[in-house]
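So this one's my_file_28.tsv, TSV, C-alpha atoms:
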```
chain	number	residue	atom	x	y	z
A	1	MET	CA	49.99	-26.47	-115.93
A	2	SER	CA	46.29	-26.27	-115.55
A	3	ASN	CA	46.38	-29.20	-113.13
A	4	GLU	CA	49.01	-27.54	-111.02
A	5	MET	CA	46.92	-24.41	-110.77
A	6	ASN	CA	43.85	-26.35	-109.70
A	7	THR	CA	45.83	-28.22	-107.11
A	8	GLY	CA	47.19	-24.95	-105.66
A	9	GLN	CA	43.74	-23.42	-105.58
A	10	GLN	CA	42.36	-26.44	-103.75
A	11	LYS	CA	45.11	-26.23	-101.17
A	12	LYS	CA	44.43	-22.55	-100.66
A	13	ASN	CA	40.71	-23.15	-100.25
A	14	LEU	CA	41.40	-25.96	-97.79
A	15	ARG	CA	43.66	-23.71	-95.77
A	16	ASN	CA	41.06	-21.00	-95.72
A	17	ASN	CA	38.38	-23.43	-94.60
A	18	ILE	CA	40.60	-24.65	-91.82
A	19	ILE	CA	41.21	-21.06	-90.70
A	20	VAL	CA	37.48	-20.31	-90.79
A	21	ILE	CA	36.68	-23.42	-88.81
A	22	ALA	CA	39.40	-22.61	-86.30
A	23	LEU	CA	38.16	-19.08	-85.94
A	24	SER	CA	34.60	-20.35	-85.57
A	25	VAL	CA	35.67	-22.74	-82.85
A	26	VAL	CA	37.55	-19.94	-81.09
A	27	LEU	CA	34.51	-17.67	-81.39
A	28	VAL	CA	32.23	-20.34	-79.97
A	29	LEU	CA	34.64	-20.88	-77.11
A	30	VAL	CA	34.88	-17.14	-76.42
A	31	VAL	CA	31.09	-16.71	-76.53
A	32	GLY	CA	30.63	-19.76	-74.30
A	33	LEU	CA	33.19	-18.46	-71.83
A	34	PHE	CA	31.48	-15.04	-71.84
A	35	PHE	CA	28.09	-16.50	-71.01
A	36	MET	CA	29.61	-18.76	-68.35
A	37	GLN	CA	31.35	-15.79	-66.72
A	38	ARG	CA	28.17	-13.70	-66.98
A	39	ARG	CA	26.10	-16.50	-65.42
A	40	GLU	CA	28.68	-16.91	-62.68
A	41	HIS	CA	28.71	-13.13	-62.08
A	42	ASN	CA	24.92	-13.02	-61.84
A	43	SER	CA	25.01	-15.92	-59.39
A	44	VAL	CA	27.59	-14.08	-57.28
A	45	VAL	CA	25.52	-10.87	-57.40
A	46	LYS	CA	22.39	-12.77	-56.32
A	47	GLU	CA	24.28	-14.50	-53.52
A	48	ILE	CA	25.75	-11.20	-52.27
A	49	LYS	CA	22.31	-9.56	-52.46
A	50	ALA	CA	20.80	-12.44	-50.49
A	51	GLU	CA	23.53	-12.08	-47.85
A	52	LYS	CA	22.90	-8.32	-47.72
A	53	ASP	CA	19.15	-8.85	-47.32
A	54	SER	CA	19.82	-11.39	-44.56
A	55	ILE	CA	22.08	-8.93	-42.75
A	56	GLN	CA	19.43	-6.20	-43.03
A	57	PHE	CA	16.79	-8.58	-41.69
A	58	GLN	CA	18.99	-9.58	-38.75
A	59	LEU	CA	19.77	-5.95	-37.93
A	60	THR	CA	16.05	-5.10	-38.09
A	61	GLN	CA	15.29	-7.95	-35.66
A	62	ILE	CA	18.03	-6.79	-33.28
A	63	ALA	CA	16.70	-3.21	-33.40
A	64	ALA	CA	13.17	-4.48	-32.67
A	65	SER	CA	14.51	-6.51	-29.74
A	66	TYR	CA	16.04	-3.36	-28.28
A	67	ASP	CA	12.68	-1.59	-28.63
A	68	SER	CA	11.07	-4.28	-26.48
A	69	MET	CA	13.65	-4.00	-23.69
A	70	SER	CA	12.81	-1.94	-20.63
A	71	THR	CA	14.42	-1.44	-17.24
A	72	GLU	CA	14.32	1.07	-14.40
A	73	ASN	CA	18.12	1.13	-14.20
A	74	ASP	CA	19.27	4.50	-15.61
A	75	THR	CA	22.83	3.35	-16.34
A	76	LEU	CA	21.63	0.29	-18.24
A	77	ASN	CA	19.11	2.41	-20.16
A	78	GLU	CA	21.95	4.65	-21.38
A	79	GLN	CA	23.93	1.61	-22.51
A	80	LEU	CA	20.85	0.26	-24.29
A	81	PHE	CA	20.40	3.56	-26.12
A	82	VAL	CA	24.04	3.59	-27.32
A	83	ALA	CA	23.90	-0.05	-28.47
A	84	GLN	CA	20.60	0.48	-30.29
A	85	ALA	CA	22.05	3.55	-32.04
A	86	LYS	CA	24.97	1.41	-33.31
A	87	VAL	CA	22.53	-1.16	-34.73
A	88	LYS	CA	20.50	1.51	-36.51
A	89	ASP	CA	23.65	3.18	-37.90
A	90	LEU	CA	24.91	-0.14	-39.32
A	91	LEU	CA	21.47	-0.92	-40.77
A	92	LEU	CA	21.41	2.47	-42.50
A	93	GLU	CA	24.93	1.90	-43.85
A	94	VAL	CA	24.00	-1.52	-45.28
A	95	GLU	CA	20.82	-0.15	-46.88
A	96	GLN	CA	22.68	2.75	-48.53
A	97	THR	CA	25.61	0.66	-49.82
A	98	LYS	CA	25.01	-0.20	-53.51
A	99	LYS	CA	28.13	-2.21	-54.36
A	100	VAL	CA	28.95	-4.87	-51.82
A	101	SER	CA	31.82	-7.33	-51.98
A	102	TYR	CA	32.34	-10.65	-50.24
A	103	SER	CA	34.83	-9.00	-47.90
A	104	LYS	CA	32.33	-6.28	-47.03
A	105	ILE	CA	29.61	-8.88	-46.42
A	106	ALA	CA	32.01	-10.78	-44.15
A	107	ASP	CA	32.72	-7.56	-42.22
A	108	TYR	CA	28.99	-6.84	-41.87
A	109	GLN	CA	28.35	-10.39	-40.67
A	110	LYS	CA	31.11	-10.03	-38.08
A	111	GLN	CA	29.57	-6.77	-36.81
A	112	VAL	CA	26.10	-8.37	-36.70
A	113	THR	CA	27.48	-11.26	-34.63
A	114	THR	CA	29.09	-8.78	-32.21
A	115	LEU	CA	25.91	-6.70	-31.92
A	116	ARG	CA	23.78	-9.81	-31.35
A	117	GLY	CA	26.16	-10.89	-28.58
A	118	ILE	CA	25.85	-7.45	-26.95
A	119	MET	CA	22.06	-7.65	-27.21
A	120	ARG	CA	21.98	-11.09	-25.60
A	121	ASN	CA	24.16	-9.78	-22.78
A	122	PHE	CA	21.62	-6.99	-22.21
A	123	VAL	CA	18.80	-9.55	-22.21
A	124	VAL	CA	20.61	-11.53	-19.51
A	125	GLN	CA	21.23	-8.40	-17.42
A	126	ILE	CA	17.64	-7.18	-17.73
A	127	ASP	CA	16.23	-10.62	-16.93
A	128	SER	CA	18.49	-10.77	-13.88
A	129	LEU	CA	17.39	-7.28	-12.77
A	130	ASN	CA	13.72	-8.10	-13.37
A	131	ARG	CA	14.01	-11.33	-11.38
A	132	ARG	CA	15.76	-9.43	-8.59
A	133	ASN	CA	13.07	-6.74	-8.69
A	134	GLU	CA	10.38	-9.42	-8.52
A	135	GLU	CA	12.19	-11.01	-5.57
A	136	LEU	CA	12.48	-7.62	-3.85
A	137	MET	CA	8.81	-6.88	-4.55
A	138	ALA	CA	7.86	-10.28	-3.16
A	139	GLU	CA	10.04	-9.67	-0.11
A	140	ASN	CA	8.57	-6.18	0.27
A	141	LEU	CA	5.05	-7.59	-0.02
A	142	GLU	CA	5.89	-10.24	2.55
A	143	VAL	CA	7.32	-7.58	4.89
A	144	LYS	CA	4.20	-5.44	4.40
A	145	GLN	CA	1.98	-8.44	5.09
A	146	GLN	CA	4.00	-9.25	8.20
A	147	TYR	CA	3.80	-5.60	9.26
A	148	MET	CA	0.04	-5.60	8.70
A	149	GLN	CA	-0.27	-8.82	10.69
A	150	VAL	CA	1.76	-7.27	13.52
A	151	GLU	CA	-0.37	-4.11	13.32
A	152	GLN	CA	-3.55	-6.17	13.38
A	153	LYS	CA	-2.18	-8.16	16.30
A	154	ASN	CA	-1.25	-4.95	18.11
A	155	GLN	CA	-4.69	-3.50	17.42
A	156	GLN	CA	-6.26	-6.71	18.66
A	157	LEU	CA	-4.09	-6.64	21.80
A	158	SER	CA	-4.91	-2.96	22.28
A	159	GLN	CA	-8.61	-3.67	21.91
A	160	GLU	CA	-8.33	-6.63	24.28
A	161	LYS	CA	-6.42	-4.42	26.73
A	162	GLN	CA	-9.06	-1.70	26.48
A	163	GLN	CA	-11.78	-4.29	26.89
A	164	LEU	CA	-9.98	-5.76	29.88
A	165	GLN	CA	-9.54	-2.33	31.41
A	166	GLN	CA	-13.19	-1.60	30.75
A	167	ASN	CA	-14.17	-4.92	32.30
A	168	LEU	CA	-11.95	-4.22	35.29
A	169	LYS	CA	-13.42	-0.74	35.55
A	170	ILE	CA	-16.92	-2.18	35.40
A	171	ALA	CA	-15.98	-4.90	37.87
A	172	ALA	CA	-14.45	-2.33	40.21
A	173	LYS	CA	-17.43	0.01	40.01
A	174	LEU	CA	-19.12	0.68	43.33
A	175	GLU	CA	-22.85	0.10	43.69
A	176	ALA	CA	-25.25	1.72	46.10
A	177	ARG	CA	-27.82	-0.77	47.45
A	178	GLU	CA	-30.91	-0.05	49.50
A	179	LEU	CA	-30.82	3.60	48.37
A	180	VAL	CA	-33.48	5.71	50.08
A	181	ALA	CA	-33.89	9.51	50.13
A	182	GLU	CA	-36.17	10.74	52.96
A	183	PRO	CA	-37.22	14.25	54.06
A	184	ILE	CA	-36.93	14.53	57.87
A	185	ASN	CA	-38.09	17.16	60.39
A	186	ASP	CA	-36.26	18.77	63.31
A	187	LYS	CA	-36.85	15.61	65.38
A	188	ALA	CA	-35.22	13.37	62.74
A	189	LYS	CA	-38.61	11.92	61.85
A	190	VAL	CA	-39.61	11.21	58.24
A	191	THR	CA	-42.11	13.74	56.86
A	192	LYS	CA	-43.86	14.38	53.57
A	193	PHE	CA	-44.53	18.06	54.04
A	194	THR	CA	-42.38	20.87	52.71
A	195	LYS	CA	-42.89	23.13	55.72
A	196	ARG	CA	-41.69	20.48	58.17
A	197	THR	CA	-38.65	19.37	56.17
A	198	GLU	CA	-35.36	20.56	57.63
A	199	LYS	CA	-33.05	17.92	56.13
A	200	ILE	CA	-32.96	15.32	53.41
A	201	ARG	CA	-31.32	12.09	54.50
A	202	ILE	CA	-29.88	9.93	51.77
A	203	TYR	CA	-29.17	6.43	53.05
A	204	PHE	CA	-27.52	3.57	51.16
A	205	VAL	CA	-25.08	0.69	51.44
A	206	LEU	CA	-21.89	0.65	49.38
A	207	GLY	CA	-21.85	-2.97	48.22
A	208	GLN	CA	-19.02	-5.42	48.75
A	209	ASN	CA	-16.54	-5.48	45.85
A	210	GLN	CA	-13.07	-7.03	46.09
A	211	ALA	CA	-12.04	-5.48	42.75
A	212	THR	CA	-12.55	-1.90	43.96
A	213	PRO	CA	-9.42	-0.14	45.28
A	214	ARG	CA	-9.43	0.32	49.06
A	215	GLY	CA	-9.13	3.63	50.84
A	216	ALA	CA	-10.79	7.00	51.21
A	217	LYS	CA	-13.55	7.77	48.75
A	218	ASN	CA	-15.83	10.75	48.21
A	219	VAL	CA	-19.48	10.02	47.52
A	220	TYR	CA	-21.42	12.89	45.92
A	221	ALA	CA	-25.18	13.43	45.88
A	222	ARG	CA	-27.01	15.58	43.36
A	223	ILE	CA	-30.58	16.54	44.31
A	224	MET	CA	-32.75	17.82	41.46
A	225	ARG	CA	-35.85	19.83	42.36
A	226	PRO	CA	-39.20	19.25	40.64
A	227	ASP	CA	-38.46	22.25	38.39
A	228	GLN	CA	-35.22	20.51	37.30
A	229	LEU	CA	-32.94	22.95	39.14
A	230	LEU	CA	-30.03	21.51	41.09
A	231	MET	CA	-29.96	22.17	44.83
A	232	THR	CA	-26.50	23.51	45.73
A	233	LYS	CA	-24.75	25.29	48.58
A	234	SER	CA	-21.89	26.85	46.61
A	235	GLU	CA	-20.76	27.24	43.01
A	236	LYS	CA	-17.39	25.85	44.10
A	237	ASP	CA	-18.87	22.49	45.10
A	238	LEU	CA	-17.63	20.56	42.02
A	239	PHE	CA	-16.46	17.04	41.27
A	240	GLN	CA	-15.03	15.29	38.21
A	241	PHE	CA	-17.44	13.25	36.13
A	242	GLU	CA	-16.10	11.89	32.85
A	243	ASP	CA	-14.65	14.94	31.03
A	244	LEU	CA	-16.54	17.57	33.02
A	245	LYS	CA	-16.57	19.14	36.44
A	246	ILE	CA	-20.14	19.26	37.68
A	247	GLN	CA	-21.81	20.60	40.83
A	248	TYR	CA	-23.02	18.47	43.68
A	249	SER	CA	-25.60	19.11	46.43
A	250	ALA	CA	-23.90	17.22	49.26
A	251	MET	CA	-20.94	14.87	49.75
A	252	ARG	CA	-19.50	12.43	52.26
A	253	GLU	CA	-16.00	11.04	52.60
A	254	VAL	CA	-15.86	7.38	53.60
A	255	VAL	CA	-13.14	4.75	54.07
A	256	TYR	CA	-13.98	1.74	51.92
A	257	GLU	CA	-12.41	-1.65	52.69
A	258	GLY	CA	-14.14	-3.77	50.08
A	259	LYS	CA	-17.01	-4.82	52.34
A	260	ASP	CA	-20.60	-3.60	52.70
A	261	LEU	CA	-20.51	-0.09	54.11
A	262	PRO	CA	-23.67	1.76	55.30
A	263	VAL	CA	-23.51	5.47	54.44
A	264	ALA	CA	-25.77	8.45	55.09
A	265	ILE	CA	-25.48	11.83	53.37
A	266	PHE	CA	-27.51	14.83	54.52
A	267	TRP	CA	-28.79	17.95	52.85
A	268	ASP	CA	-29.38	20.64	55.48
A	269	ASN	CA	-32.19	22.96	54.48
A	270	THR	CA	-32.23	24.99	57.74
A	271	ASN	CA	-30.91	28.22	56.25
A	272	GLU	CA	-32.32	27.58	52.76
A	273	PRO	CA	-35.61	28.67	51.18
A	274	GLU	CA	-38.60	26.44	51.85
A	275	LEU	CA	-38.65	23.38	49.61
A	276	MET	CA	-41.21	23.21	46.83
A	277	LYS	CA	-43.85	20.56	46.40
A	278	GLY	CA	-43.32	17.76	43.89
A	279	THR	CA	-40.97	14.90	43.05
A	280	TYR	CA	-37.23	15.21	43.66
A	281	THR	CA	-34.54	13.11	41.98
A	282	VAL	CA	-31.36	12.02	43.77
A	283	ASN	CA	-28.26	10.74	41.92
A	284	LEU	CA	-25.17	9.31	43.64
A	285	PHE	CA	-21.62	9.38	42.25
A	286	ALA	CA	-18.31	7.85	43.33
A	287	ASP	CA	-14.98	7.21	41.55
A	288	GLY	CA	-16.28	9.13	38.54
A	289	ASN	CA	-19.29	6.83	38.09
A	290	GLU	CA	-22.97	7.12	38.85
A	291	ILE	CA	-23.63	4.42	41.43
A	292	GLY	CA	-27.37	4.82	42.09
A	293	ASN	CA	-30.46	7.00	41.89
A	294	THR	CA	-33.85	7.35	43.57
A	295	THR	CA	-36.73	9.82	44.06
A	296	PHE	CA	-38.87	11.22	46.85
A	297	THR	CA	-41.98	13.42	46.92
A	298	LEU	CA	-42.96	16.37	49.07
A	299	GLN	CA	-46.47	17.71	49.60
```

Will you turn the file into C-alpha cells for me?
Amino acid sequence: MSNEMNTGQQKKNLRNNIIVIALSVVLVLVVGLFFMQRREHNSVVKEIKAEKDSIQFQLTQIAASYDSMSTENDTLNEQLFVAQAKVKDLLLEVEQTKKVSYSKIADYQKQVTTLRGIMRNFVVQIDSLNRRNEELMAENLEVKQQYMQVEQKNQQLSQEKQQLQQNLKIAAKLEARELVAEPINDKAKVTKFTKRTEKIRIYFVLGQNQATPRGAKNVYARIMRPDQLLMTKSEKDLFQFEDLKIQYSAMREVVYEGKDLPVAIFWDNTNEPELMKGTYTVNLFADGNEIGNTTFTLQ
C-alpha cells in the first residue's frame, strides 16, 4: 500500500515537473518573441525616421534651390513662387507629422520626386531664358558697336567733308597782289600832303585762280583813319563779312574770269572834310574774305 502511494506521488511530481518545464519553455518563447518583435519595431521606427529625415533634407534643398533662382520674366516668377510655396507647405507637413507609416513615406517620396522634376524644369527654362538674354545682350552690344562705328565713320566723313569744303574755300579764295594805296591830287599825281589830296587810289591785281567761281564780284575797301575811325560815305554802305554786315568806304564791281585782273578803287574826298595827318590802313574784301591790306601816310 505504501509502495503504491509512493509510486502515485512520484508520477504526480513528474507530471508537475513536466508542466513547469513546458510552461517555462512557453514563457521563454513568448519573451523571446516579444523582444524580437520589439527589436523589429524599433528597427522599423528608425528606418521610417531616417526616411522622414531624408525627405525633409531633400525638401530643404529644393526650397534653397528655388531661393537661388532669378529671372526677369514676370510669368515665370509667379510660377516659381507657387512651386516654392508647395515645397514649403510639404516640408512643414512632414516636420509636424509625428506618426509616419511606410505608405505615408511612400506618398511623401512621390511628392518629392514630382517637386524635384518641376524644379528641374524651371532650371531648364531659366537657363534657356538667361542664354537667350545673353545672346540678345551680345547682339545688342554688337548692334551698338556697329552703330558707333557707323557714327564714327559718319563723323569722320563729315569732318573730311568740312575739311574738303574748307580747303576748297581756301583754294578758291581771291588774293590781291601788288596792293598799293596812294593819295592823289586834282591832276591824278601822287601826293603826300593832306591839303592836296582829292582822292585815294587803291590799286591791286586780283590773282589768277582756277578754283574761284567766275562772274561778277564786288570788291570792298575799308579805309581806317589814323584815329581809327572808318571813312564812309553812307551808313547804308554795308557788305556781308562772316556773320556780320559791316560798312565799307568804297567798292568796285568787276567781272572775274579766273585770270589776273588789274583793279583800281577810288575814294573821292572832294566834298569831304580835309584829311588828317598820319598813317591810314586799307583792307580789301571779296567773297566774304579779306584778300589784302596795306597802309599809306599823309603829312

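Taking all atoms listed in the file into account, Val254 (chain A) lies nearest to A:Lys217 out of the set A:Arg201, A:Lys52, A:Lys161, A:Lys217.
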
With distances taken over all atoms listed in the file, the candidate from A:Lys98, A:Lys245, A:Lys199, A:Lys192 nearest Thr297 (chain A) is A:Lys192

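Candidate residues A:Thr212, A:Thr197, A:Asp243, A:Arg225 were compared for distance to Glu274 (chain A), and the nearest is A:Thr197, using only C-alpha atoms.
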
Computed gap from CA of Asp260 (chain A) to CA of Thr281 (chain A) is 24.3 Å

Long-range neighbours of Ser249 (chain A) as a ChimeraX atom specification, 8 Å cut-off, only C-alpha atoms, 5 positions minimum in chain: /A:220-223,230-233,237,267

With C-alpha atoms kept, could you save the residues just selected as an mmCIF file, keeping the file's coordinate frame?
```
data_model
loop_
_atom_site.group_PDB
_atom_site.id
_atom_site.type_symbol
_atom_site.label_atom_id
_atom_site.label_comp_id
_atom_site.auth_asym_id
_atom_site.auth_seq_id
_atom_site.Cartn_x
_atom_site.Cartn_y
_atom_site.Cartn_z
ATOM 1 C CA TYR A 220 -21.420 12.890 45.920
ATOM 2 C CA ALA A 221 -25.180 13.430 45.880
ATOM 3 C CA ARG A 222 -27.010 15.580 43.360
ATOM 4 C CA ILE A 223 -30.580 16.540 44.310
ATOM 5 C CA LEU A 230 -30.030 21.510 41.090
ATOM 6 C CA MET A 231 -29.960 22.170 44.830
ATOM 7 C CA THR A 232 -26.500 23.510 45.730
ATOM 8 C CA LYS A 233 -24.750 25.290 48.580
ATOM 9 C CA ASP A 237 -18.870 22.490 45.100
ATOM 10 C CA TRP A 267 -28.790 17.950 52.850
#
```

Separation of CA of Tyr66 (chain A) from CA of Leu80 (chain A) in Å: 7.2 Å

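The coordinates place CA of Asp53 (chain A) at 25.3 Å from CA of Phe122 (chain A).
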
Got a sec: who's within 7 Å of Leu206 (chain A), counting only C-alpha atoms, leaving out chain neighbours fewer than 6 positions off, as a PDB file with C-alpha atoms, keeping the file's coordinate frame?
```
ATOM      1  CA  LEU A 174     -19.120   0.680  43.330  1.00  0.00           C
ATOM      2  CA  GLU A 175     -22.850   0.100  43.690  1.00  0.00           C
ATOM      3  CA  ALA A 176     -25.250   1.720  46.100  1.00  0.00           C
ATOM      4  CA  ARG A 177     -27.820  -0.770  47.450  1.00  0.00           C
ATOM      5  CA  ASP A 260     -20.600  -3.600  52.700  1.00  0.00           C
ATOM      6  CA  LEU A 261     -20.510  -0.090  54.110  1.00  0.00           C
ATOM      7  CA  PRO A 262     -23.670   1.760  55.300  1.00  0.00           C
TER       8      PRO A 262
END
```

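Nearest to Ser54 (chain A) of all the residues A:Gln240, A:Asn13, A:Ser234, A:Gln109 is A:Gln109, based on all atoms listed in the file.
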
Shell around Gln79 (chain A) at 12 Å using all atoms listed in the file, local window under 5 positions removed, as a PyMOL selection string: chain A and resi 66+69-71+73-74+84-86+118-119+121-122+125-126

Atoms added to region 176-192 of chain A (N, CA, C and O atoms), reported as a PDB file, in the coordinates of the input:
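Listed below is the output, part.pdb:
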```
ATOM      1  N   ALA A 176     -24.515   1.321  44.898  1.00  0.00           N
ATOM      2  CA  ALA A 176     -25.250   1.720  46.100  1.00  0.00           C
ATOM      3  C   ALA A 176     -26.533   0.882  46.187  1.00  0.00           C
ATOM      4  O   ALA A 176     -27.401   0.969  45.328  1.00  0.00           O
ATOM      5  N   ARG A 177     -26.630   0.047  47.231  1.00  0.00           N
ATOM      6  CA  ARG A 177     -27.820  -0.770  47.450  1.00  0.00           C
ATOM      7  C   ARG A 177     -28.718  -0.110  48.510  1.00  0.00           C
ATOM      8  O   ARG A 177     -28.266   0.709  49.308  1.00  0.00           O
ATOM      9  N   GLU A 178     -29.945  -0.505  48.481  1.00  0.00           N
ATOM     10  CA  GLU A 178     -30.910  -0.050  49.500  1.00  0.00           C
ATOM     11  C   GLU A 178     -30.966   1.474  49.581  1.00  0.00           C
ATOM     12  O   GLU A 178     -31.061   2.063  50.669  1.00  0.00           O
ATOM     13  N   LEU A 179     -30.862   2.133  48.417  1.00  0.00           N
ATOM     14  CA  LEU A 179     -30.820   3.600  48.370  1.00  0.00           C
ATOM     15  C   LEU A 179     -32.201   4.177  48.683  1.00  0.00           C
ATOM     16  O   LEU A 179     -33.188   3.857  48.013  1.00  0.00           O
ATOM     17  N   VAL A 180     -32.238   5.061  49.686  1.00  0.00           N
ATOM     18  CA  VAL A 180     -33.480   5.710  50.080  1.00  0.00           C
ATOM     19  C   VAL A 180     -33.189   7.184  50.377  1.00  0.00           C
ATOM     20  O   VAL A 180     -32.225   7.491  51.087  1.00  0.00           O
ATOM     21  N   ALA A 181     -33.982   8.078  49.823  1.00  0.00           N
ATOM     22  CA  ALA A 181     -33.890   9.510  50.130  1.00  0.00           C
ATOM     23  C   ALA A 181     -35.159   9.906  50.871  1.00  0.00           C
ATOM     24  O   ALA A 181     -36.271   9.742  50.356  1.00  0.00           O
ATOM     25  N   GLU A 182     -35.016  10.450  52.110  1.00  0.00           N
ATOM     26  CA  GLU A 182     -36.170  10.740  52.960  1.00  0.00           C
ATOM     27  C   GLU A 182     -36.076  12.167  53.513  1.00  0.00           C
ATOM     28  O   GLU A 182     -35.041  12.548  54.087  1.00  0.00           O
ATOM     29  N   PRO A 183     -37.161  12.948  53.389  1.00  0.00           N
ATOM     30  CA  PRO A 183     -37.220  14.250  54.060  1.00  0.00           C
ATOM     31  C   PRO A 183     -37.453  14.005  55.554  1.00  0.00           C
ATOM     32  O   PRO A 183     -38.285  13.164  55.926  1.00  0.00           O
ATOM     33  N   ILE A 184     -36.742  14.698  56.433  1.00  0.00           N
ATOM     34  CA  ILE A 184     -36.930  14.530  57.870  1.00  0.00           C
ATOM     35  C   ILE A 184     -37.118  15.907  58.531  1.00  0.00           C
ATOM     36  O   ILE A 184     -36.622  16.935  58.008  1.00  0.00           O
ATOM     37  N   ASN A 185     -37.819  15.912  59.673  1.00  0.00           N
ATOM     38  CA  ASN A 185     -38.090  17.160  60.390  1.00  0.00           C
ATOM     39  C   ASN A 185     -37.009  17.400  61.443  1.00  0.00           C
ATOM     40  O   ASN A 185     -35.997  16.673  61.503  1.00  0.00           O
ATOM     41  N   ASP A 186     -37.258  18.403  62.318  1.00  0.00           N
ATOM     42  CA  ASP A 186     -36.260  18.770  63.310  1.00  0.00           C
ATOM     43  C   ASP A 186     -36.072  17.713  64.386  1.00  0.00           C
ATOM     44  O   ASP A 186     -35.129  17.780  65.196  1.00  0.00           O
ATOM     45  N   LYS A 187     -36.962  16.710  64.414  1.00  0.00           N
ATOM     46  CA  LYS A 187     -36.850  15.610  65.380  1.00  0.00           C
ATOM     47  C   LYS A 187     -36.328  14.323  64.704  1.00  0.00           C
ATOM     48  O   LYS A 187     -36.441  13.238  65.265  1.00  0.00           O
ATOM     49  N   ALA A 188     -35.783  14.493  63.506  1.00  0.00           N
ATOM     50  CA  ALA A 188     -35.220  13.370  62.740  1.00  0.00           C
ATOM     51  C   ALA A 188     -36.270  12.341  62.368  1.00  0.00           C
ATOM     52  O   ALA A 188     -35.967  11.153  62.211  1.00  0.00           O
ATOM     53  N   LYS A 189     -37.527  12.800  62.272  1.00  0.00           N
ATOM     54  CA  LYS A 189     -38.610  11.920  61.850  1.00  0.00           C
ATOM     55  C   LYS A 189     -38.920  12.165  60.375  1.00  0.00           C
ATOM     56  O   LYS A 189     -38.829  13.298  59.884  1.00  0.00           O
ATOM     57  N   VAL A 190     -39.269  11.093  59.666  1.00  0.00           N
ATOM     58  CA  VAL A 190     -39.610  11.210  58.240  1.00  0.00           C
ATOM     59  C   VAL A 190     -40.895  12.009  58.094  1.00  0.00           C
ATOM     60  O   VAL A 190     -41.863  11.788  58.836  1.00  0.00           O
ATOM     61  N   THR A 191     -40.925  12.933  57.121  1.00  0.00           N
ATOM     62  CA  THR A 191     -42.110  13.740  56.860  1.00  0.00           C
ATOM     63  C   THR A 191     -42.333  13.831  55.367  1.00  0.00           C
ATOM     64  O   THR A 191     -41.419  13.607  54.568  1.00  0.00           O
ATOM     65  N   LYS A 192     -43.546  14.214  54.986  1.00  0.00           N
ATOM     66  CA  LYS A 192     -43.860  14.380  53.570  1.00  0.00           C
ATOM     67  C   LYS A 192     -44.194  15.834  53.234  1.00  0.00           C
ATOM     68  O   LYS A 192     -44.533  16.148  52.098  1.00  0.00           O
TER      69      LYS A 192
END
```
